[in-house]
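**Student:** To start, I am sharing the structure in question, which I have written as structure tokens.
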Amino acid sequence: MPIVNIMITKEGCTPGADAVTAEEKARLIAGVSQLLLDVLNKPLDATFVTIQEIDPDNWGWGGLPVMAFRQQKW
């Protein structure tokens with residue numbers, strides 16, 4: 001019984017969006033579940049997927065808050 005935890009920052013993926021949509025989350029769940037079926041032969045009904053949304057202020061990268069790191073990198 002695979003359990004997959006996906007962690008993403010709580011922000012939108014398209015211009016003007018401020019959150020990941022329910023449709024995007026459903027696509028993540030379906031895609032990860034299908035990958036486990038294809039690669040490990042794990043049945044869809046035995047695979048659990050959770051999605052955690054983390055506020056960007058609570059996410060660090062390269063020793064900096066993620067937003068500061070992105071500004072520095074790009």
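Chains: A, B, ... in order of the structure tokens. Residues: from 1 per chain. Ligands: from 1, in order shown.
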Please provide as a JSON list (two decimals) with N, CA and C atoms, in the first residue's frame all residues within 10 Å of Gln52 in chain A, with the sequence filter that same-chain residues fewer than 4 positions apart are discarded (counting only C-alpha atoms).
**Tutor:**
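Result saved to out.json:
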```
[["chain", "number", "residue", "atom", "x", "y", "z"],
["A", 5, "ASN", "N", 3.20, 11.53, -0.41],
["A", 5, "ASN", "CA", 2.92, 12.86, 0.11],
["A", 5, "ASN", "C", 3.57, 13.88, -0.81],
["A", 6, "ILE", "N", 2.77, 14.74, -1.40],
["A", 6, "ILE", "CA", 3.25, 15.80, -2.29],
["A", 6, "ILE", "C", 3.19, 17.11, -1.51],
["A", 7, "MET", "N", 4.31, 17.79, -1.44],
["A", 7, "MET", "CA", 4.35, 19.09, -0.77],
["A", 7, "MET", "C", 4.58, 20.17, -1.82],
["A", 8, "ILE", "N", 3.70, 21.17, -1.81],
["A", 8, "ILE", "CA", 3.81, 22.28, -2.75],
["A", 8, "ILE", "C", 3.62, 23.59, -1.98],
["A", 9, "THR", "N", 4.15, 24.66, -2.54],
["A", 9, "THR", "CA", 3.90, 25.95, -1.91],
["A", 9, "THR", "C", 2.47, 26.36, -2.23],
["A", 10, "LYS", "N", 1.88, 27.08, -1.30],
["A", 10, "LYS", "CA", 0.49, 27.52, -1.42],
["A", 10, "LYS", "C", 0.46, 28.80, -2.27]]
```
**Student:** Extract, using only C-alpha atoms, all DNA, RNA and protein residues at most 7 Å from range 35-47 of chain A, discarding same-chain residues fewer than 5 positions from it, and format them as a list in words.
**Tutor:** Met1, Pro2 and Ile3 of chain A
**Student:** Separation of CA of Met67 in chain A and CA of Thr50 in chain A, in Å?
**Tutor:**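 Taking CA of Met67 in chain A as the start and CA of Thr50 in chain A as the end point, the length is 24.1 Å.
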**Student:** Quote the spacing between CA of Gly62 in chain A and CA of Val4 in chain A in Å to one decimal place.
**Tutor:**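 If I compute the distance from CA of Gly62 in chain A to CA of Val4 in chain A, I get 24.7 Å.
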**Student:** Just give me the gap between CA of Leu28 in chain A and CA of Ile54 in chain A in Å, one decimal is fine.
**Tutor:**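 A separation of 16.2 Å between them.
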**Student:** DSSP on the backbone: what in range 11-66 of chain A comes out strand (DSSP E or B), as a ChimeraX atom specification?
**Tutor:** /A:48-54,60-61,64-65
